[in-house]
Every structure is written in structure tokens, then in C-alpha cells.
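These notes are about the structure you will find just below.
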Amino acid sequence: MTKLKELIYTQRSMATKWCPIVFSLVICHLVFPVKAQQRVQIRDVFSSMPDSLMPTLTKNNRLDMIDFIDAKMRAEVTNLLEGDSEMLALSDDSLTLRMSPVLTITMYLLSTENEYDSLHQVICMERTYKLSSDTTQQTVRSFYSLKWSPLQHLLDVDEKKLRQLPRSTILKRDEEMDSYYKI
């Protein structure tokens, strides 16, 4: 019986020693969560985009477009120039916008070896302008960090190299949306 009492006493004393330490660790974890390396989605980047980079769409317009796509509705909004702008496709790491009949914007999240804003991703924004009634187009490409700081040194990226950069899930929702607006 004395052995049993000793064992119980030992376990109680260990519990009273370790309990405050474990409790402190749990509290620290709740107060200062460990931030894991996470991949950012294009929807978050698009909604946090400064208005100066896309002055015809307000933040509410951009958020409405995302909500409409998620609800499987046509994602068309009236822009600040009283024209119609539409989100044509949205995936985890890309989106396509028709800003006007002559301007289409495609945004990609690209993985990089270098770190920008604490992550290994950059934003590539392609503005494609339709120059005439035929198929003549001009594409202007710009790169940004995830906090929308311009990355001028990436402007010289070779077209072949750009196509080879990893994109995780470039899934267009055009097929899903066709039934909604009968293209």
C-alpha cells in the first residue's frame, strides 16, 4: 500500500510541476500563433490591390466580382467610367478581367526562388489592349510583390521562362459560366 501511495504522490507532484509549464506554452501559442508558410490566393491579392493600379474599379467592385463568381453568377459590375467590367475567370492563382471591349487584364500568382515580402510568390499582371478591329493586340506585363510594390527587375523575364514558372491551379471557370450567360 505504501508503494501505491508513493506512486500517487509522485504523479501528483509531477503534475503540479509540469502543469504550469504546459499551461504557459498553450497560452503563448494562443497569443503568439506560429505562422506557417502559406500560399496566398489571387482573390486576396486582387481584393487588396491599391485603387491606383486599377482606378476604374473600386474595392467594392472587386469584392462584388469575387462574390458573384463564387455564387456562379455573371461577375459584371459598372465601373467608375460608367462602363461594364467583368471577371471572366477565377482560380486559386489566376484571374481574368474584361475591363472594356479593348482591355483585358490577366493576373497570375507565380512561384519564385527569391523571397519577396516574406513569401516566394510574385504577381504578374498582363494588360492586353486590342489595337484595331482585327486581331492586333499589344500586351504589357508588370510584376509586383504581394504587397503591390513594383518589381522592375522582373520586367526582363523571357517569355519562354515566364511560361515555365510554376502555377499551381490555373483553372478557368469559363466552362462553368457558359451556361449562365449563353456564350
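By order of appearance in the C-alpha cells: chains A, B, ..., then residues from 1 within every chain, and ligands from 1 in the order shown.
Residues within 10 Å of Asn60 in chain A, counting only C-alpha atoms and excluding same-chain residues fewer than 6 positions away, are Ser47, Ile66 and Val77 of chain A.
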Residues as selected, N, CA and C atoms, written as a PDB file, in the first residue's frame, can you do that?
ATOM      1  N   SER A  47      -8.318  41.629 -54.071  1.00  0.00           N
ATOM      2  CA  SER A  47      -9.141  42.489 -53.211  1.00  0.00           C
ATOM      3  C   SER A  47      -8.301  43.516 -52.456  1.00  0.00           C
ATOM      4  N   ILE A  66     -15.731  38.930 -57.076  1.00  0.00           N
ATOM      5  CA  ILE A  66     -15.360  37.658 -56.442  1.00  0.00           C
ATOM      6  C   ILE A  66     -16.599  36.959 -55.899  1.00  0.00           C
ATOM      7  N   VAL A  77     -19.812  44.259 -63.277  1.00  0.00           N
ATOM      8  CA  VAL A  77     -20.095  45.436 -62.458  1.00  0.00           C
ATOM      9  C   VAL A  77     -19.978  46.671 -63.336  1.00  0.00           C
TER      10      VAL A  77
END
- Task: For range 114-127 of chain A, work out the shell of residues within 7 Å, counting only C-alpha atoms and skipping chain neighbours fewer than 5 positions away, then give it as a list in words.
- Result: Leu103, Thr104, Ile105, Thr106, Met107, Tyr108, Leu109, Thr139, Val140, Arg141, Ser142, Phe143, Tyr144, Ser145, Leu146 and Lys147 of chain A
Write the selection just made, keeping N, CA, C and O atoms, as an mmCIF file, in the first residue's frame?
data_model
loop_
_atom_site.group_PDB
_atom_site.id
_atom_site.type_symbol
_atom_site.label_atom_id
_atom_site.label_comp_id
_atom_site.auth_asym_id
_atom_site.auth_seq_id
_atom_site.Cartn_x
_atom_site.Cartn_y
_atom_site.Cartn_z
ATOM 1 N N LEU A 103 -9.733 46.266 -73.502
ATOM 2 C CA LEU A 103 -8.730 45.957 -72.481
ATOM 3 C C LEU A 103 -9.125 44.715 -71.684
ATOM 4 O O LEU A 103 -10.209 44.649 -71.111
ATOM 5 N N THR A 104 -8.203 43.745 -71.663
ATOM 6 C CA THR A 104 -8.355 42.546 -70.836
ATOM 7 C C THR A 104 -7.158 42.474 -69.901
ATOM 8 O O THR A 104 -6.021 42.690 -70.320
ATOM 9 N N ILE A 105 -7.408 42.183 -68.639
ATOM 10 C CA ILE A 105 -6.330 42.063 -67.654
ATOM 11 C C ILE A 105 -6.322 40.635 -67.124
ATOM 12 O O ILE A 105 -7.360 40.101 -66.728
ATOM 13 N N THR A 106 -5.146 40.035 -67.135
ATOM 14 C CA THR A 106 -4.956 38.704 -66.553
ATOM 15 C C THR A 106 -3.913 38.827 -65.455
ATOM 16 O O THR A 106 -2.865 39.435 -65.663
ATOM 17 N N MET A 107 -4.217 38.272 -64.306
ATOM 18 C CA MET A 107 -3.280 38.295 -63.187
ATOM 19 C C MET A 107 -2.938 36.871 -62.793
ATOM 20 O O MET A 107 -3.825 36.009 -62.749
ATOM 21 N N TYR A 108 -1.647 36.645 -62.509
ATOM 22 C CA TYR A 108 -1.158 35.339 -62.083
ATOM 23 C C TYR A 108 -0.369 35.492 -60.791
ATOM 24 O O TYR A 108 0.335 36.484 -60.617
ATOM 25 N N LEU A 109 -0.442 34.504 -59.952
ATOM 26 C CA LEU A 109 0.498 34.376 -58.842
ATOM 27 C C LEU A 109 1.545 33.376 -59.279
ATOM 28 O O LEU A 109 1.216 32.247 -59.651
ATOM 29 N N THR A 139 0.366 43.448 -75.523
ATOM 30 C CA THR A 139 0.334 43.045 -74.122
ATOM 31 C C THR A 139 1.448 43.740 -73.361
ATOM 32 O O THR A 139 2.601 43.744 -73.791
ATOM 33 N N VAL A 140 1.074 44.340 -72.246
ATOM 34 C CA VAL A 140 2.030 44.999 -71.357
ATOM 35 C C VAL A 140 2.037 44.207 -70.053
ATOM 36 O O VAL A 140 0.985 43.981 -69.446
ATOM 37 N N ARG A 141 3.215 43.787 -69.640
ATOM 38 C CA ARG A 141 3.351 42.938 -68.458
ATOM 39 C C ARG A 141 4.055 43.719 -67.346
ATOM 40 O O ARG A 141 5.030 44.415 -67.590
ATOM 41 N N SER A 142 3.558 43.579 -66.128
ATOM 42 C CA SER A 142 4.216 44.176 -64.969
ATOM 43 C C SER A 142 4.196 43.175 -63.819
ATOM 44 O O SER A 142 3.325 42.313 -63.745
ATOM 45 N N PHE A 143 5.190 43.310 -62.930
ATOM 46 C CA PHE A 143 5.341 42.397 -61.800
ATOM 47 C C PHE A 143 5.311 43.188 -60.502
ATOM 48 O O PHE A 143 5.833 44.301 -60.426
ATOM 49 N N TYR A 144 4.718 42.558 -59.482
ATOM 50 C CA TYR A 144 4.585 43.199 -58.176
ATOM 51 C C TYR A 144 4.847 42.168 -57.083
ATOM 52 O O TYR A 144 4.609 40.970 -57.263
ATOM 53 N N SER A 145 5.276 42.683 -55.930
ATOM 54 C CA SER A 145 5.341 41.822 -54.747
ATOM 55 C C SER A 145 3.906 41.639 -54.250
ATOM 56 O O SER A 145 2.980 42.287 -54.733
ATOM 57 N N LEU A 146 3.722 40.802 -53.257
ATOM 58 C CA LEU A 146 2.372 40.562 -52.743
ATOM 59 C C LEU A 146 1.813 41.764 -51.988
ATOM 60 O O LEU A 146 0.622 41.818 -51.704
ATOM 61 N N LYS A 147 2.678 42.725 -51.675
ATOM 62 C CA LYS A 147 2.220 43.972 -51.061
ATOM 63 C C LYS A 147 2.121 45.083 -52.104
ATOM 64 O O LYS A 147 2.082 46.248 -51.780
#
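Note that the spacing between CA of Pro101 in chain A and CA of Ser149 in chain A amounts to 28.3 Å.
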- Extract, using only C-alpha atoms, all DNA, RNA and protein residues at most 8 Å from Met99 in chain A, discarding same-chain residues fewer than 6 positions from it, and format them as a ChimeraX atom specification. /A:84-86,105
Residues as selected, N, CA, C and O atoms, written as a JSON list (two decimals), in the first residue's frame, can you do that?
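In the end it all went to selection25.json:
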[["chain", "number", "residue", "atom", "x", "y", "z"],
["A", 84, "ASP", "N", -19.07, 48.70, -68.39],
["A", 84, "ASP", "CA", -19.17, 47.40, -67.73],
["A", 84, "ASP", "C", -17.81, 46.72, -67.71],
["A", 84, "ASP", "O", -17.10, 46.68, -68.73],
["A", 85, "SER", "N", -17.46, 46.17, -66.56],
["A", 85, "SER", "CA", -16.26, 45.36, -66.41],
["A", 85, "SER", "C", -16.72, 44.01, -65.87],
["A", 85, "SER", "O", -17.66, 43.93, -65.08],
["A", 86, "GLU", "N", -16.03, 42.95, -66.30],
["A", 86, "GLU", "CA", -16.47, 41.60, -65.93],
["A", 86, "GLU", "C", -15.28, 40.71, -65.60],
["A", 86, "GLU", "O", -14.27, 40.73, -66.29],
["A", 105, "ILE", "N", -7.41, 42.18, -68.64],
["A", 105, "ILE", "CA", -6.33, 42.06, -67.65],
["A", 105, "ILE", "C", -6.32, 40.64, -67.12],
["A", 105, "ILE", "O", -7.36, 40.10, -66.73]]
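Taking only C-alpha atoms, the non-local environment of Leu81 in chain A within 10 Å (same-chain residues fewer than 5 positions away omitted) comprises Pro55, Thr56 and Leu57 of chain A.
Comparing the minimum interatomic distances between Leu131 in chain A and each of A:Val102, A:Met87, A:Phe68, A:Lys59, counting only C-alpha atoms, we find that A:Val102 sits nearest.
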- Message: From a backbone DSSP assignment, name each residue in range 67-164 of chain A labelled strand (DSSP E), as a PyMOL selection string.
- Response: chain A and resi 75-78+84-90+94-100+103-116+119-130+137-144
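Between Glu82 in chain A and the residues A:Ser100, A:His153, A:Leu110, A:Arg39, the shortest atom-to-atom distance, using only C-alpha atoms, involves A:Ser100.
Going from CA of Arg43 in chain A to CA of Asp92 in chain A covers 7.3 Å.
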- Å distance separating CA of Leu151 in chain A from CA of Ser48 in chain A, one decimal place: 17.4 Å
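Using only C-alpha atoms for every distance, the candidate list A:Ala71, A:Pro150, A:Glu76, A:Leu95 yields A:Leu95 as the residue closest to Val45 in chain A.
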